[in-house]
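Working notes, structure below.
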Amino acid sequence: MAEDVGAPVKGPNAWRQAFAAVALFAAIGGALWVSEARPGNSGPPPATCSDEEPGKATGRVTGAQLCEALHRKDLAGLLGTPAESAKTVQSNDGSVGLEGGKDIPMPTAEIEFDTYTVTLSATYDDLPVAGAHELLGDAKQRTVLGRPAVLYSDRTIRISFRLDGGDTDSGPGVPLRSLMVAQDAKDGGGSFDVTLWRSDGMVPDDAVLLRVAEKILPTVPGWAAGS
């Protein structure tokens with residue numbers, strides 16, 4: 001018996017791709033544990049953000065804070081699917097180690113609906129957003145909420161794993177659309193990213209992505225400070 005799952009990637013950023021895959025497997029394990037720990041329930045409980053304890057103040061947004069910003073009551077309506085409810089909600093405060101011992105913090109939140117999956121992440125890589133479209137292939141540079149932004153396409157990773165412990169396999173998954181927005185108006189480095197992909201494999205509508213991003217990003221803690 002095998003399961004296929006998808007994780008978001010960014011083409012030219014292999015470390016982000018690896019982090020997404022690791023975070024996805026951790027989330028799957030947690031979801032299976034919760035399912036087994038609630039026998040006899042007539043249905044799954046409403047998906048909520050984690051109740052993790054606040055960590056040491058770092059001046060950066062956390063995965064839990066991103067989750068609170070993303071998990072809006074009107075999110076399904078913003079996606080154009082108002083009758084749907086969140087199936088899974090997850091967040092992570094992960095970082096990725098680079099050569100030389102440097103860690104790149106990348107807190108992430110993700111919400112899955114029947115039609116769409118939405119992710120909101122913050123990347124503290126000190127790189128400006130302006131000019132990033134030249135590295136992202138089919139990308140367009142634009143201004144969103146008064147800040148430099150890049151709208152681009154990619155694909156999720158399809159990961160197939162056997163529940164009996166057999167070999168795993170991976171390959172390209174469904175198309176996604178992603179919006180990268182500078183963390184401050186001066187584009188001093190780092191980005192917030194909003195990404196959509198659809199369970200039916202269709203390319204997400206840019207109008208939907210922009211509508212979601214323009215509502216969510218101003219509610220992220222620290223957003224106003226970067227204006």
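Order determines the names: the first chain of the structure tokens is A, the second B, and so forth; residues in each chain are numbered 1 upward, and ligands are numbered 1 upward as they are shown.
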key: Who sits within 8 Å of range 73-89 of chain A, only C-alpha atoms, same chain under 5 positions skipped, as a PyMOL selection string   = chain A and resi 46-49+67+109-116+208-209+211-212
message = Give me the residues near range 173-188 of chain A as a ChimeraX atom specification, where near means some atom within 6 Å (using only C-alpha atoms) and where sequence neighbours in that chain fewer than 6 positions away do not count.
response = /A:128-129,147-158,194-197,201,203,226-227
note = Separating CA of Ser199 in chain A from CA of Leu136 in chain A, to the nearest tenth of an Å, is a gap of 23.3 Å
query = Which distance in Å separates CA of Gly146 in chain A and CA of Ala64 in chain A, to one decimal?
reply =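 Separating CA of Gly146 in chain A from CA of Ala64 in chain A is a distance of 25.6 Å.
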key: Two-atom distance - CA of Arg60 in chain A, CA of Leu135 in chain A (Å)   =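 Between these atoms lies a distance of 25.8 Å.
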ask   = Which is closest to Thr123 in chain A among A:Met106, A:Ala69, A:Val96, A:Leu217, if we use only C-alpha atoms?
value =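 The shortest atom-to-atom distance to Thr123 in chain A comes from A:Met106.
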message = Write out as a VMD selection string the set of residues from range 107-223 of chain A that DSSP, computed on the backbone, places in alpha helix (DSSP H).
response = chain A and resid 206 to 216
